[in-house]
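Scroll down for the structure; my scribbles are underneath it.
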Amino acid sequence: MTETLVPQISREELVARLHDPSLTIVNVLAREAWRAQRIPGSISLPEAEISEQAARVLPDRDADIAVYCASPT
Amino acid sequence: MRLLHDLGYTRVRDFDGGIAEWTEAGLPVERGDLPLVASRPERSARPRPSASEPSRAGVLAWVSRRSIGTLLWTWLSINLVCGVVYWLVSFIPGHGLREPAQPMGHGAAALLESVYFSFVTGLSIGFGDIVPVGAVRVLAVLQGGVCLLVFGAIISKLVSGRQEELTEEIHHIAFEDRLGRVRTNLHLVVSEIQQISESCGDGRRPSAGMQGRIESAAAIFSGELRAVHDLLYRPQTSPDEDVLESILAHLEGGLRDFRQLLACMSDELRRTPSLAANVRVLARLANEICGECVPREHAPHLKVWMDRIQGHARELASARA
């Protein structure tokens with residue numbers, strides 16, 4: 001229900017900003033899946049570890065972040 | 001994704017199609033372990049050269065990767081080798097070096113003169129006391145060009161080395177300055193909280209008129225806590241242990257006093273949106289400060305302070321609930 005409130009990023013924008021250092025792309029799948037294939041430059045932050053690791057992996061809370069997982073949910 | 005939002009990340013967006021949409025569109029993927037797991041890859045530190053950017057010519061790239069020592073050696077060897085070549089070529093009639101009056105001989109003195117000419121050319125001085133004749137002229141021009149390039153690279157490396165030192169120094173000064181401000185502000189806000197707390201006790205409560213002061217103290221306090229949090233979580237530069245201890249001790253004292261103040265306030269005053277929001281921020285940030293959760297190893301007595309700060313955070317959170 002809350003999903004409708006989540007802002008979306010389009011594939012076009014993601015492609016355009018793939019090498020833009022101000023956008024951090026985060027893969028929330030398990031690390032195995034991230035290893036198998038990922039959007040270039042995306043970092044691994046498995047969903048289960050978000051609360052523990054987020055502050056370390058994403059130190060800037062105001063940074064532009066794009067999150068993705070396997071497929072539309 | 002909601003979780004990140006709840007953790008205070010403000011600009012999170014969802015790429016709903018996920019890796020499935022990405023691969024279906026035929027876009028490139030990356031595999032394997034290349035960027036370190038759970039660490040920020042370099043893309044944040046320095047923008048990668050984009051594909052459209054022309055790659056630099058081989059020689060320039062080679063030059064830019066070498067150290068000053070290597071470049072200096074290269075420069076010297078070019079001049080020495082060319083010197084010997086000038087001397088060797090002078091065995092071919094009609095080529096080689098010439099002093100204004102007559103061709104140079106072939107002995108040891110001539111070799112030295114050739115090396116001398118080579119260095120004069122390499123430094124682009126060109127006295128003109130010795131001149132190349134025949135095919136050697138081409139070599140002399142080439143040598144002049146290449147040596148100029150290498151010499152330029154050496155100078156630019158020297159300059160950029162100094163620049164890096166300066167930048168580091170500026171960063172250091174800015175860091176010290178920031179530390180100083182954090183300490184002063186913490187001190188001020190903690191004494192303000194203590195002063196307000198004096199209106200507590202014996203069944204007395206802070207009056208509604210105090211509300212503004214309490215709210216602004218809470219806002220500044222949460223700002224300072226954020227600064228300290230940043231300090232602990234961005235470990236490029238770390239303050240001295242005793243400086244950090246004094247900051248942590250102040251923070252701990254402030255949180256304790258602030259909790260007591262909240263405890264003695266009436267529910268109605270405590271629940272105002274601005275105060276409640278700041279308390280939430282304080283609890284969330286302080287909850288991430290503990291001996292084990294900060295990314296860097298600290299001395300045991302510092303960890304004790306951090307653990308106490310986290311303890312206050314939990315109390316704050318539970319008091320709120």
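We label chains A, B, ... in the order they appear in the structure tokens, count residues from 1 in each chain, and number ligands from 1 in the order shown.
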When you look at region 220-237 of chain B with a cut-off of 10 Å (counting only C-alpha atoms), what residues show up, excluding the ones that are within fewer than 4 positions of it in the same chain? I need them as a PyMOL selection string. (chain A and resi 55-60) or (chain B and resi 171-172+175+178-179+181-190+193+215-216+244+247-248+251+254-255+258+277-283+285-286+288-289+293-296)
Residue selection dump (N, CA and C atoms) as a tab-separated table (two decimals), in the first residue's frame:
```
chain	number	residue	atom	x	y	z
A	55	ALA	N	24.43	2.78	7.24
A	55	ALA	CA	25.21	3.97	7.60
A	55	ALA	C	26.65	3.86	7.11
A	56	ARG	N	27.13	2.63	7.03
A	56	ARG	CA	28.52	2.44	6.61
A	56	ARG	C	28.64	2.54	5.09
A	57	VAL	N	27.71	1.89	4.41
A	57	VAL	CA	27.79	1.84	2.95
A	57	VAL	C	27.33	3.14	2.32
A	58	LEU	N	26.35	3.77	2.94
A	58	LEU	CA	25.79	5.02	2.40
A	58	LEU	C	25.89	6.10	3.46
A	59	PRO	N	27.08	6.67	3.62
A	59	PRO	CA	27.26	7.62	4.72
A	59	PRO	C	26.43	8.90	4.56
A	60	ASP	N	26.08	9.24	3.32
A	60	ASP	CA	25.39	10.51	3.11
A	60	ASP	C	23.90	10.28	2.96
B	171	HIS	N	42.34	20.80	4.14
B	171	HIS	CA	41.37	19.87	4.71
B	171	HIS	C	41.58	19.74	6.21
B	172	HIS	N	42.85	19.66	6.57
B	172	HIS	CA	43.17	19.47	7.98
B	172	HIS	C	42.70	20.68	8.79
B	175	PHE	N	39.02	20.72	9.12
B	175	PHE	CA	38.59	19.69	10.06
B	175	PHE	C	38.75	20.17	11.50
B	178	ARG	N	36.19	22.69	12.33
B	178	ARG	CA	34.88	22.10	12.53
B	178	ARG	C	34.80	21.45	13.91
B	179	LEU	N	35.89	20.76	14.27
B	179	LEU	CA	35.94	20.14	15.60
B	179	LEU	C	35.75	21.19	16.67
B	181	ARG	N	34.29	24.03	16.47
B	181	ARG	CA	32.91	24.53	16.50
B	181	ARG	C	31.97	23.53	17.18
B	182	VAL	N	32.18	22.24	16.84
B	182	VAL	CA	31.33	21.22	17.45
B	182	VAL	C	31.47	21.26	18.96
B	183	ARG	N	32.72	21.40	19.42
B	183	ARG	CA	32.95	21.41	20.88
B	183	ARG	C	32.27	22.61	21.53
B	184	THR	N	32.48	23.78	20.91
B	184	THR	CA	31.88	24.99	21.50
B	184	THR	C	30.36	24.88	21.53
B	185	ASN	N	29.78	24.49	20.40
B	185	ASN	CA	28.32	24.42	20.33
B	185	ASN	C	27.76	23.40	21.31
B	186	LEU	N	28.45	22.27	21.41
B	186	LEU	CA	28.00	21.26	22.36
B	186	LEU	C	28.00	21.83	23.77
B	187	HIS	N	29.09	22.51	24.07
B	187	HIS	CA	29.21	23.09	25.40
B	187	HIS	C	28.06	24.06	25.67
B	188	LEU	N	27.80	24.94	24.68
B	188	LEU	CA	26.75	25.94	24.85
B	188	LEU	C	25.38	25.30	25.02
B	189	VAL	N	25.12	24.31	24.16
B	189	VAL	CA	23.78	23.73	24.18
B	189	VAL	C	23.58	22.90	25.46
B	190	VAL	N	24.65	22.26	25.92
B	190	VAL	CA	24.51	21.48	27.15
B	190	VAL	C	24.27	22.40	28.33
B	193	ILE	N	20.70	23.51	28.23
B	193	ILE	CA	19.78	22.46	28.71
B	193	ILE	C	19.82	22.39	30.24
B	215	GLU	N	12.82	23.99	22.51
B	215	GLU	CA	12.80	23.53	21.12
B	215	GLU	C	14.08	23.91	20.40
B	216	SER	N	14.53	25.15	20.59
B	216	SER	CA	15.72	25.53	19.84
B	216	SER	C	16.94	24.80	20.39
B	244	LEU	N	38.26	13.54	21.12
B	244	LEU	CA	37.06	12.75	20.89
B	244	LEU	C	36.41	12.40	22.22
B	247	ILE	N	34.48	15.30	23.52
B	247	ILE	CA	33.23	15.48	22.76
B	247	ILE	C	32.18	14.45	23.19
B	248	LEU	N	32.63	13.19	23.28
B	248	LEU	CA	31.69	12.13	23.64
B	248	LEU	C	31.15	12.34	25.05
B	251	LEU	N	28.61	14.99	25.00
B	251	LEU	CA	27.42	14.50	24.34
B	251	LEU	C	26.62	13.62	25.30
B	254	GLY	N	25.02	15.73	27.91
B	254	GLY	CA	23.91	16.48	27.32
B	254	GLY	C	22.68	15.62	27.15
B	255	LEU	N	22.90	14.38	26.65
B	255	LEU	CA	21.76	13.48	26.44
B	255	LEU	C	21.10	13.13	27.76
B	258	PHE	N	19.18	16.09	28.91
B	258	PHE	CA	18.04	16.32	28.03
B	258	PHE	C	16.92	15.33	28.36
B	277	ALA	N	10.02	15.85	16.68
B	277	ALA	CA	10.85	15.51	15.52
B	277	ALA	C	12.32	15.51	15.91
B	278	ASN	N	12.74	16.52	16.67
B	278	ASN	CA	14.15	16.58	17.07
B	278	ASN	C	14.52	15.44	18.00
B	279	VAL	N	13.61	15.08	18.86
B	279	VAL	CA	13.88	13.97	19.77
B	279	VAL	C	14.05	12.69	18.96
B	280	ARG	N	13.22	12.55	17.92
B	280	ARG	CA	13.33	11.37	17.06
B	280	ARG	C	14.70	11.31	16.41
B	281	VAL	N	15.13	12.45	15.88
B	281	VAL	CA	16.46	12.50	15.23
B	281	VAL	C	17.54	12.16	16.24
B	282	LEU	N	17.44	12.77	17.42
B	282	LEU	CA	18.45	12.52	18.45
B	282	LEU	C	18.52	11.03	18.77
B	283	ALA	N	17.35	10.42	18.95
B	283	ALA	CA	17.32	9.01	19.33
B	283	ALA	C	17.90	8.14	18.22
B	285	LEU	N	20.04	9.00	15.73
B	285	LEU	CA	21.48	9.17	15.52
B	285	LEU	C	22.27	8.59	16.68
B	286	ALA	N	21.81	8.86	17.90
B	286	ALA	CA	22.56	8.39	19.06
B	286	ALA	C	22.54	6.87	19.12
B	288	GLU	N	23.00	4.96	16.83
B	288	GLU	CA	24.05	4.40	15.95
B	288	GLU	C	25.44	4.66	16.50
B	289	ILE	N	25.52	5.23	17.68
B	289	ILE	CA	26.83	5.47	18.28
B	289	ILE	C	27.04	4.46	19.40
B	293	CYS	N	29.33	-0.44	16.84
B	293	CYS	CA	28.70	-0.13	15.55
B	293	CYS	C	29.43	0.92	14.73
B	294	VAL	N	30.28	1.74	15.35
B	294	VAL	CA	31.00	2.72	14.52
B	294	VAL	C	32.07	1.98	13.72
B	295	PRO	N	32.35	2.48	12.50
B	295	PRO	CA	33.19	1.68	11.59
B	295	PRO	C	34.67	1.63	11.97
B	296	ARG	N	35.08	2.31	12.97
B	296	ARG	CA	36.50	2.33	13.27
B	296	ARG	C	36.73	1.82	14.70
```
Once you count only C-alpha atoms, which residues of chain A turn out to be within 8 Å of chain B? Could you give them as JSON, numbers by chain? {"A": [6, 7, 8, 9, 10, 11, 19, 20, 21, 22, 24, 34, 35, 36, 37, 38, 39, 40, 41, 43, 44, 45, 50, 51, 53, 54, 55, 56, 57, 58, 59, 60, 61, 62, 63, 64, 65, 66, 67, 68, 69, 70, 71, 72, 73]}
Which of region 64-216 of chain B fall in helix (DSSP H, G or I), as a count of residues only: 110
Among region 40-277 of chain B, which ones does DSSP place in strand (DSSP E), written as a ChimeraX atom specification? /B:96-98,131-133
Pick out the closest residue to Gly126 (chain B) from this set: B:Ile92, B:Ala140, B:Ala313, B:Cys264. Count only C-alpha atoms.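 Residue with the minimum atom-to-atom distance to Gly126 (chain B): B:Ala140.
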Distance of CA of Val150 (chain B) from CA of Ala110 (chain B), expressed in Å to one decimal place: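 Computed distance, CA of Ala110 (chain B) to CA of Val150 (chain B), equals 26.7 Å.
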Gap from CA of Ser156 (chain B) to CA of Tyr86 (chain B) - Å, one decimal: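 Straight-line distance from CA of Ser156 (chain B) to CA of Tyr86 (chain B) works out to 29.8 Å.
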Show which residues sit within 8 Å of Val89 (chain B), as a VMD selection string. Count only C-alpha atoms, and ignore same-chain residues fewer than 5 positions away. chain B and resid 95 to 96 136
